[in-house]
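Raw contents of upload_31.cif, mmCIF, C-alpha atoms:
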data_start
loop_
_atom_site.label_atom_id
_atom_site.label_comp_id
_atom_site.auth_asym_id
_atom_site.auth_seq_id
_atom_site.Cartn_x
_atom_site.Cartn_y
_atom_site.Cartn_z
CA MET Y 1 -63.77 55.59 -86.22
CA SER Y 2 -60.72 53.88 -87.70
CA ARG Y 3 -61.11 50.70 -89.69
CA GLY Y 4 -58.77 48.83 -87.33
CA ALA Y 5 -60.84 49.70 -84.26
CA MET Y 6 -64.05 48.87 -86.08
CA HIS Y 7 -62.88 45.37 -87.01
CA GLY Y 8 -61.54 44.83 -83.48
CA GLN Y 9 -65.08 44.91 -82.10
CA ARG Y 10 -66.31 41.81 -83.92
CA ALA Y 11 -64.64 38.78 -82.41
CA ASP Y 12 -67.44 38.41 -79.82
CA ALA Y 13 -70.02 37.49 -82.49
CA ILE Y 14 -68.05 34.93 -84.52
CA ALA Y 15 -69.09 31.88 -82.49
CA GLU Y 16 -72.76 32.79 -82.88
CA GLN Y 17 -72.26 33.35 -86.59
CA ALA Y 18 -70.59 29.96 -87.00
CA ALA Y 19 -73.49 28.20 -85.30
CA HIS Y 20 -75.88 30.14 -87.55
CA TRP Y 21 -74.08 28.83 -90.64
CA ILE Y 22 -74.13 25.24 -89.38
CA VAL Y 23 -77.90 25.30 -89.24
CA ARG Y 24 -78.35 27.12 -92.57
CA LEU Y 25 -76.02 24.75 -94.39
CA SER Y 26 -78.23 21.83 -93.33
CA ALA Y 27 -81.53 23.15 -94.71
CA ASP Y 28 -83.91 20.59 -96.22
CA ASP Y 29 -84.37 22.66 -99.38
CA PRO Y 30 -81.45 22.13 -101.85
CA ALA Y 31 -81.81 25.68 -103.21
CA GLU Y 32 -81.62 27.11 -99.71
CA ARG Y 33 -78.51 25.03 -99.03
CA ASP Y 34 -76.88 26.33 -102.22
CA THR Y 35 -77.66 29.92 -101.22
CA ALA Y 36 -76.26 29.28 -97.75
CA GLN Y 37 -73.10 27.74 -99.23
CA ALA Y 38 -72.46 30.90 -101.27
CA GLY Y 39 -73.05 33.07 -98.22
CA TYR Y 40 -70.82 30.83 -96.12
CA ALA Y 41 -67.98 31.17 -98.63
CA ALA Y 42 -68.39 34.96 -98.64
CA TRP Y 43 -68.43 35.03 -94.85
CA LYS Y 44 -65.18 33.05 -94.67
CA ALA Y 45 -63.52 35.32 -97.20
CA ALA Y 46 -64.63 38.47 -95.41
CA ASP Y 47 -62.30 38.19 -92.42
CA PRO Y 48 -59.27 36.04 -91.46
CA LEU Y 49 -60.92 35.29 -88.10
CA HIS Y 50 -63.94 33.93 -89.97
CA ALA Y 51 -61.72 31.65 -92.03
CA THR Y 52 -59.97 30.38 -88.91
CA ALA Y 53 -63.26 29.73 -87.12
CA ALA Y 54 -64.66 28.00 -90.22
CA ALA Y 55 -61.62 25.75 -90.43
CA GLY Y 56 -62.12 24.77 -86.79
CA MET Y 57 -65.81 24.13 -87.37
CA GLU Y 58 -65.14 21.98 -90.43
CA ASN Y 59 -62.48 20.05 -88.52
CA VAL Y 60 -65.01 19.24 -85.78
CA LEU Y 61 -67.49 18.08 -88.42
CA ARG Y 62 -64.87 15.89 -90.07
CA GLN Y 63 -64.02 14.28 -86.74
CA LEU Y 64 -67.67 13.59 -86.01
CA ASN Y 65 -68.10 12.19 -89.49
CA ALA Y 66 -65.12 9.89 -88.96
CA VAL Y 67 -66.73 8.50 -85.81
CA ARG Y 68 -69.88 7.60 -87.71
CA GLU Y 69 -68.21 6.43 -90.95
CA PRO Y 70 -64.57 5.54 -90.21
CA ALA Y 71 -64.11 3.94 -93.62
CA GLY Y 72 -64.38 7.23 -95.46
CA GLY Y 73 -67.22 9.44 -96.62
CA ASP Y 74 -67.62 12.82 -98.20
CA HIS Y 75 -65.56 15.43 -96.35
CA ARG Y 76 -66.59 18.56 -98.24
CA PRO Y 77 -66.93 21.55 -95.93
CA ALA Y 78 -69.92 21.67 -93.62
CA ARG Y 79 -72.85 20.64 -95.80
CA ALA Y 80 -71.67 17.17 -96.85
CA ALA Y 81 -70.41 16.42 -93.36
CA LEU Y 82 -73.71 17.43 -91.86
CA ALA Y 83 -75.62 15.32 -94.34
CA ALA Y 84 -73.42 12.28 -93.65
CA ILE Y 85 -73.65 12.54 -89.88
CA ALA Y 86 -77.19 13.66 -89.24
CA PRO Y 87 -79.78 12.38 -91.70
CA ARG Y 88 -82.54 13.21 -89.25
CA ARG Y 89 -83.39 16.70 -88.06
CA GLN Y 90 -82.99 15.95 -84.36
CA ARG Y 91 -79.48 14.62 -84.85
CA LEU Y 92 -78.71 17.66 -86.96
CA ARG Y 93 -79.67 20.04 -84.18
CA GLN Y 94 -77.54 18.08 -81.74
CA LEU Y 95 -74.59 18.32 -84.10
CA ALA Y 96 -75.12 22.04 -84.55
CA ALA Y 97 -75.08 22.55 -80.80
CA ALA Y 98 -71.94 20.44 -80.38
CA SER Y 99 -70.16 22.26 -83.20
CA ALA Y 100 -71.19 25.64 -81.81
CA VAL Y 101 -69.60 24.75 -78.48
CA ALA Y 102 -66.39 23.75 -80.24
CA VAL Y 103 -66.33 26.92 -82.31
CA LEU Y 104 -67.10 29.00 -79.21
CA ALA Y 105 -64.03 27.56 -77.50
CA LEU Y 106 -61.93 28.24 -80.59
CA THR Y 107 -63.10 31.80 -81.11
CA SER Y 108 -62.94 32.62 -77.40
CA ALA Y 109 -59.28 31.64 -77.52
CA LEU Y 110 -58.84 33.83 -80.61
CA ALA Y 111 -60.54 36.73 -78.88
CA VAL Y 112 -58.26 36.43 -75.85
CA SER Y 113 -55.17 36.46 -78.04
CA GLU Y 114 -56.50 39.33 -80.18
CA ARG Y 115 -57.98 41.58 -77.46
CA PRO Y 116 -56.70 40.63 -74.01
CA ALA Y 117 -56.97 44.19 -72.69
CA TYR Y 118 -60.70 44.33 -73.47
CA LEU Y 119 -61.47 40.88 -72.12
CA LEU Y 120 -59.51 41.45 -68.91
CA ALA Y 121 -60.88 44.93 -68.21
CA ASP Y 122 -62.72 45.69 -64.96
CA LEU Y 123 -65.92 46.87 -66.72
CA ARG Y 124 -67.03 45.94 -70.26
CA SER Y 125 -70.02 46.37 -72.57
CA PRO Y 126 -70.55 43.98 -75.52
CA THR Y 127 -71.14 45.14 -79.06
CA GLY Y 128 -74.58 46.74 -79.36
CA GLN Y 129 -75.08 47.19 -75.62
CA TRP Y 130 -74.73 50.11 -73.17
CA ARG Y 131 -74.03 49.57 -69.47
CA THR Y 132 -74.12 52.04 -66.58
CA HIS Y 133 -72.17 51.50 -63.35
CA THR Y 134 -72.00 53.39 -60.06
CA LEU Y 135 -68.39 53.60 -58.89
CA ALA Y 136 -67.20 53.43 -55.29
CA ASP Y 137 -67.15 57.24 -54.92
CA GLY Y 138 -70.70 57.67 -56.21
CA SER Y 139 -69.65 58.67 -59.75
CA HIS Y 140 -71.62 57.17 -62.62
CA ILE Y 141 -70.05 55.82 -65.79
CA THR Y 142 -71.90 54.59 -68.86
CA LEU Y 143 -69.99 52.39 -71.29
CA GLY Y 144 -70.99 52.64 -74.94
CA SER Y 145 -71.16 49.69 -77.31
CA GLY Y 146 -68.03 47.54 -77.29
CA SER Y 147 -66.28 49.58 -74.60
CA ALA Y 148 -64.07 48.71 -71.64
CA VAL Y 149 -62.43 50.48 -68.69
CA ASN Y 150 -60.19 49.72 -65.73
CA VAL Y 151 -60.88 51.50 -62.45
CA HIS Y 152 -58.19 52.34 -59.89
CA PHE Y 153 -59.17 54.40 -56.83
CA ASN Y 154 -56.83 55.28 -53.95
CA ALA Y 155 -56.49 57.92 -51.26
CA GLY Y 156 -54.93 60.44 -53.65
CA GLU Y 157 -56.88 60.12 -56.90
CA ARG Y 158 -59.63 58.38 -58.81
CA HIS Y 159 -58.24 56.90 -62.01
CA VAL Y 160 -60.20 55.39 -64.91
CA GLU Y 161 -58.35 53.87 -67.85
CA LEU Y 162 -60.37 53.87 -71.08
CA VAL Y 163 -59.23 50.66 -72.75
CA GLN Y 164 -61.44 51.02 -75.83
CA GLY Y 165 -64.71 52.54 -76.99
CA ASP Y 166 -66.44 55.50 -75.40
CA ILE Y 167 -67.82 56.49 -72.00
CA LEU Y 168 -70.15 59.05 -70.45
CA VAL Y 169 -68.91 60.08 -66.99
CA ASP Y 170 -70.84 61.93 -64.28
CA VAL Y 171 -68.16 62.67 -61.69
CA ALA Y 172 -69.03 62.91 -58.00
CA LYS Y 173 -67.39 65.90 -56.34
CA ASP Y 174 -64.38 65.13 -54.14
CA ALA Y 175 -62.06 68.08 -53.58
CA GLN Y 176 -59.34 65.84 -52.17
CA ARG Y 177 -59.21 63.37 -55.06
CA PRO Y 178 -59.19 64.45 -58.72
CA PHE Y 179 -60.96 62.17 -61.17
CA ILE Y 180 -58.68 61.29 -64.09
CA VAL Y 181 -59.64 59.52 -67.31
CA ASP Y 182 -56.58 58.15 -69.13
CA SER Y 183 -57.26 57.32 -72.78
CA GLY Y 184 -53.70 56.40 -73.64
CA GLN Y 185 -53.26 59.60 -75.63
CA ALA Y 186 -54.35 62.06 -72.94
CA ALA Y 187 -55.07 62.46 -69.23
CA ILE Y 188 -58.37 64.26 -68.57
CA ARG Y 189 -58.56 65.68 -65.04
CA ALA Y 190 -61.77 66.72 -63.29
CA LEU Y 191 -63.18 67.21 -59.79
CA GLY Y 192 -66.93 67.23 -60.43
CA THR Y 193 -68.33 67.39 -63.93
CA ARG Y 194 -70.01 65.49 -66.77
CA PHE Y 195 -68.32 64.65 -70.06
CA THR Y 196 -67.83 61.97 -72.70
CA VAL Y 197 -64.57 60.46 -73.89
CA ARG Y 198 -64.06 58.35 -76.97
CA ARG Y 199 -60.87 56.47 -77.77
CA ASP Y 200 -60.01 55.78 -81.40
CA ASP Y 201 -56.77 54.24 -82.63
CA ASP Y 202 -55.06 57.57 -83.18
CA ALA Y 203 -57.10 60.14 -81.25
CA THR Y 204 -59.23 60.87 -78.19
CA ILE Y 205 -62.49 62.81 -78.60
CA LEU Y 206 -63.49 64.81 -75.52
CA SER Y 207 -66.97 66.36 -75.31
CA MET Y 208 -67.80 68.53 -72.29
CA LEU Y 209 -71.40 68.54 -71.03
CA GLU Y 210 -71.02 70.32 -67.68
CA SER Y 211 -68.31 72.32 -65.89
CA LYS Y 212 -64.74 71.95 -67.23
CA VAL Y 213 -61.71 69.67 -67.26
CA SER Y 214 -57.99 69.93 -67.80
CA ALA Y 215 -56.74 67.80 -70.72
CA GLN Y 216 -53.05 67.07 -71.11
CA VAL Y 217 -50.86 65.13 -73.51
CA PRO Y 218 -47.35 64.10 -72.35
CA GLN Y 219 -44.73 66.71 -73.24
CA HIS Y 220 -47.45 69.31 -73.99
CA PRO Y 221 -49.09 71.99 -71.82
CA ALA Y 222 -52.53 71.32 -70.35
CA SER Y 223 -55.63 72.82 -71.96
CA ILE Y 224 -58.93 73.72 -70.29
CA VAL Y 225 -62.05 72.46 -72.05
CA GLN Y 226 -65.34 74.03 -70.98
CA ALA Y 227 -68.98 72.89 -71.06
CA GLY Y 228 -70.37 72.97 -74.61
CA GLN Y 229 -66.97 72.34 -76.18
CA ARG Y 230 -65.36 69.41 -77.98
CA THR Y 231 -61.78 68.70 -78.95
CA ARG Y 232 -59.81 65.99 -80.74
CA ILE Y 233 -56.65 65.04 -78.88
CA THR Y 234 -53.68 63.29 -80.47
CA GLU Y 235 -50.06 62.70 -79.55
CA ASP Y 236 -49.38 66.15 -81.00
CA GLY Y 237 -51.53 67.78 -78.33
CA VAL Y 238 -55.05 69.09 -77.75
CA GLY Y 239 -56.62 70.10 -81.06
CA PRO Y 240 -58.88 73.04 -81.92
CA ILE Y 241 -61.94 73.61 -79.72
CA THR Y 242 -65.34 73.39 -81.42
CA ALA Y 243 -68.80 74.20 -80.04
CA ILE Y 244 -71.40 71.47 -79.38
CA ASP Y 245 -74.97 71.37 -78.09
CA ALA Y 246 -74.36 69.64 -74.77
CA ALA Y 247 -78.05 68.81 -74.24
CA SER Y 248 -78.26 67.12 -77.65
CA VAL Y 249 -75.13 65.08 -76.98
CA GLN Y 250 -76.50 63.91 -73.65
CA GLU Y 251 -79.87 63.04 -75.18
CA ALA Y 252 -78.16 61.05 -77.93
CA TRP Y 253 -76.37 59.01 -75.27
CA ARG Y 254 -79.60 58.44 -73.36
CA ALA Y 255 -81.52 57.36 -76.47
CA HIS Y 256 -78.61 55.45 -78.06
CA GLN Y 257 -78.70 57.63 -81.15
CA LEU Y 258 -76.20 58.70 -83.76
CA VAL Y 259 -76.75 62.36 -84.64
CA VAL Y 260 -74.92 63.46 -87.79
CA ASP Y 261 -74.96 66.77 -89.63
CA ASP Y 262 -73.48 66.78 -93.14
CA GLN Y 263 -71.08 63.90 -92.57
CA PRO Y 264 -69.74 61.47 -95.20
CA LEU Y 265 -71.81 58.31 -95.53
CA ALA Y 266 -68.69 56.20 -95.08
CA ASP Y 267 -68.12 57.75 -91.63
CA VAL Y 268 -71.75 57.02 -90.72
CA LEU Y 269 -71.36 53.40 -91.83
CA ASP Y 270 -68.13 53.15 -89.81
CA GLU Y 271 -70.10 54.08 -86.71
CA LEU Y 272 -73.01 51.73 -87.47
CA ALA Y 273 -70.52 48.90 -88.02
CA ARG Y 274 -69.10 49.51 -84.56
CA HIS Y 275 -72.54 48.89 -83.06
CA ARG Y 276 -73.52 45.66 -84.85
CA PRO Y 277 -72.05 42.16 -84.91
CA GLY Y 278 -70.62 40.76 -88.11
CA GLN Y 279 -69.38 42.58 -91.19
CA LEU Y 280 -70.67 45.72 -92.89
CA HIS Y 281 -68.91 46.05 -96.27
CA TYR Y 282 -68.79 49.14 -98.49
CA ASP Y 283 -66.47 50.81 -100.97
CA ARG Y 284 -65.50 54.16 -99.47
CA ALA Y 285 -64.49 55.57 -102.85
CA GLN Y 286 -67.81 54.66 -104.49
CA ILE Y 287 -69.91 56.42 -101.84
CA ALA Y 288 -67.49 59.29 -101.20
CA GLY Y 289 -69.88 61.93 -102.53
CA ILE Y 290 -72.82 61.01 -100.30
CA ARG Y 291 -73.24 63.16 -97.19
CA VAL Y 292 -75.74 62.55 -94.42
CA ALA Y 293 -77.76 64.65 -91.98
CA ALA Y 294 -79.83 62.32 -89.82
CA VAL Y 295 -80.66 60.88 -86.41
CA LEU Y 296 -80.11 57.11 -86.50
CA PRO Y 297 -80.79 54.45 -83.83
CA LEU Y 298 -77.58 52.74 -82.72
CA ASP Y 299 -79.45 50.03 -80.81
CA ASP Y 300 -81.29 48.96 -83.99
CA THR Y 301 -78.77 49.18 -86.81
CA ASP Y 302 -81.07 47.29 -89.21
CA LYS Y 303 -83.55 50.14 -88.84
CA ALA Y 304 -80.73 52.66 -89.27
CA LEU Y 305 -79.74 51.02 -92.57
CA GLN Y 306 -83.37 51.09 -93.72
CA LEU Y 307 -83.57 54.81 -92.95
CA LEU Y 308 -80.50 55.36 -95.12
CA ILE Y 309 -82.15 53.49 -98.00
CA ASP Y 310 -85.31 55.56 -97.57
CA ASN Y 311 -83.32 58.78 -97.86
CA PHE Y 312 -80.87 57.68 -100.55
CA PRO Y 313 -82.67 55.77 -103.33
CA GLN Y 314 -79.36 55.24 -105.14
CA LEU Y 315 -78.14 53.05 -102.28
CA ARG Y 316 -78.43 49.27 -102.33
CA ILE Y 317 -78.14 47.30 -99.11
CA ARG Y 318 -77.96 43.51 -99.35
CA MET Y 319 -78.21 41.41 -96.21
CA LEU Y 320 -76.58 38.13 -97.18
CA THR Y 321 -77.10 37.17 -93.53
CA ARG Y 322 -77.69 39.09 -90.32
CA TYR Y 323 -73.89 39.17 -90.00
CA LEU Y 324 -72.83 39.98 -93.55
CA VAL Y 325 -74.24 43.17 -95.09
CA MET Y 326 -73.09 44.76 -98.36
CA VAL Y 327 -73.69 48.46 -99.14
CA ASP Y 328 -73.11 50.03 -102.56
CA ALA Y 329 -74.56 52.70 -104.82
CA PRO Y 330 -75.22 51.22 -108.28
CA ALA Y 331 -78.37 53.26 -108.98
CA GLY Y 332 -76.90 56.60 -109.95
CA PRO Y 333 -74.68 59.49 -108.86
CA PRO Y 334 -74.34 60.25 -105.16
CA ALA Y 335 -76.36 63.02 -103.56
CA LYS Y 336 -76.86 64.82 -100.28
CA ASN Y 337 -80.01 64.02 -98.35
CA LYS Y 338 -82.47 66.78 -97.55
#

This entry written out as structure tokens:
Amino acid sequence: MSRGAMHGQRADAIAEQAAHWIVRLSADDPAERDTAQAGYAAWKAADPLHATAAAGMENVLRQLNAVREPAGGDHRPARAALAAIAPRRQRLRQLAAASAVAVLALTSALAVSERPAYLLADLRSPTGQWRTHTLADGSHITLGSGSAVNVHFNAGERHVELVQGDILVDVAKDAQRPFIVDSGQAAIRALGTRFTVRRDDDATILSMLESKVSAQVPQHPASIVQAGQRTRITEDGVGPITAIDAASVQEAWRAHQLVVDDQPLADVLDELARHRPGQLHYDRAQIAGIRVAAVLPLDDTDKALQLLIDNFPQLRIRMLTRYLVMVDAPAGPPAKNK
């Protein structure tokens, strides 16, 4: 998963994160407020969208503060404004709710400008969720976490555009109308079959579970991909064919699992990041020597991170908040898990 695609998944959670910070920054305990302030600063620095949302949140707080104390007051970000406006807990919660609404409007506008294709797609699944739909022809399509498709059926063909993410398709047979998945890089043509397609920034990953399909890149000849095979497709054409265990791939989809066999830890973290809101930070160079063989739950990425710690004692995972997680390896040289 490319870094650009991974970061593109996260705009949906920013409003919720902002509301979370509003409440934490108003804690009764001064030490807890100081800890939250440090985390808030790190959160803002972690992503330009965070900084923009924080600026909008702080602007709302300043405006509310001005209504209560027009002659002046302390306008330091978030904590001082909250303290000036809401000395009592009930008022604080009301302010948090009002600010969250304002931030939601701001970040929704940002999301539309950043990812209009996803937000305007016919079918979507939010980060960390899987959704299955029955199409008009009886075909079934399951959208993985943070995925989106457009569906166009007519008398001559059934066309599904994979906007982003990955899908599992169980195609209903229709000899008169081929079923085509367009990933942007390739057109995958089937009549009746089951397969998965994943769209990254620079490649399409096709995994065949049943029957076969024809995969074609513009200006290149078509290639047949059979059940139990996988290929990586780029603008240069259909790549080498590799063997897969189709039953295991299908089971991983059903159970929302990530199955990896001797893969770099950074690639595993890339995939976990795609399935959780917020930021998952790590230095790829520092953990480059760590390779993973594991089955990890994608619908509980906190548990997945804990399993990594259990298997790699040299790893350190710090959850500054639910939405800001740091991973590094300060405890010794990297190793391969057994």

TODO: Determine, counting only C-alpha atoms, which protein, DNA and RNA residues have an atom within 10 Å of an atom of region 144-154 of chain Y; residues of the same chain fewer than 6 positions away are not included. Present the result as a PyMOL selection string.
DONE: chain Y and resi 6+8-10+12+117-132+135-137+160-168+177+179-183+198-199+253+256+274-276+298-299

- [ ] Tell me, as a ChimeraX atom specification, which residues lie within 10 Å of region 211-224 of chain Y, counting only C-alpha atoms; anything in the same chain fewer than 2 positions away does not count.
- [x] /Y:179-182,184-195,206,208-209,226-229,231,233-239,241

- [ ] For each of Y:Ala293, Y:Ala155, Y:Ala42, Y:Ala304, take the minimum atom-to-atom distance to Leu320 (chain Y), counting all atoms listed in the file, then give the residue where this is smallest.
- [x] Y:Ala42

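Every polymer residue reaching to within 10 Å of (-66.7, 57.3, -104.3), counting only C-alpha atoms, appears in this list: Ala266, Asp283, Arg284, Ala285, Gln286, Ile287, Ala288, Gly289, Ile290, Asp328, Ala329, Pro333 and Pro334 of chain Y.
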
Open item on the list: Here is a test: counting all atoms listed in the file, which residue of Y:Leu324, Y:Val225, Y:Leu49, Y:Ile141 is nearest to Ala273 (chain Y)?
Closed with: Y:Leu324

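Between CA of Ser207 (chain Y) and CA of Ile244 (chain Y) the interatomic distance comes to 7.9 Å.
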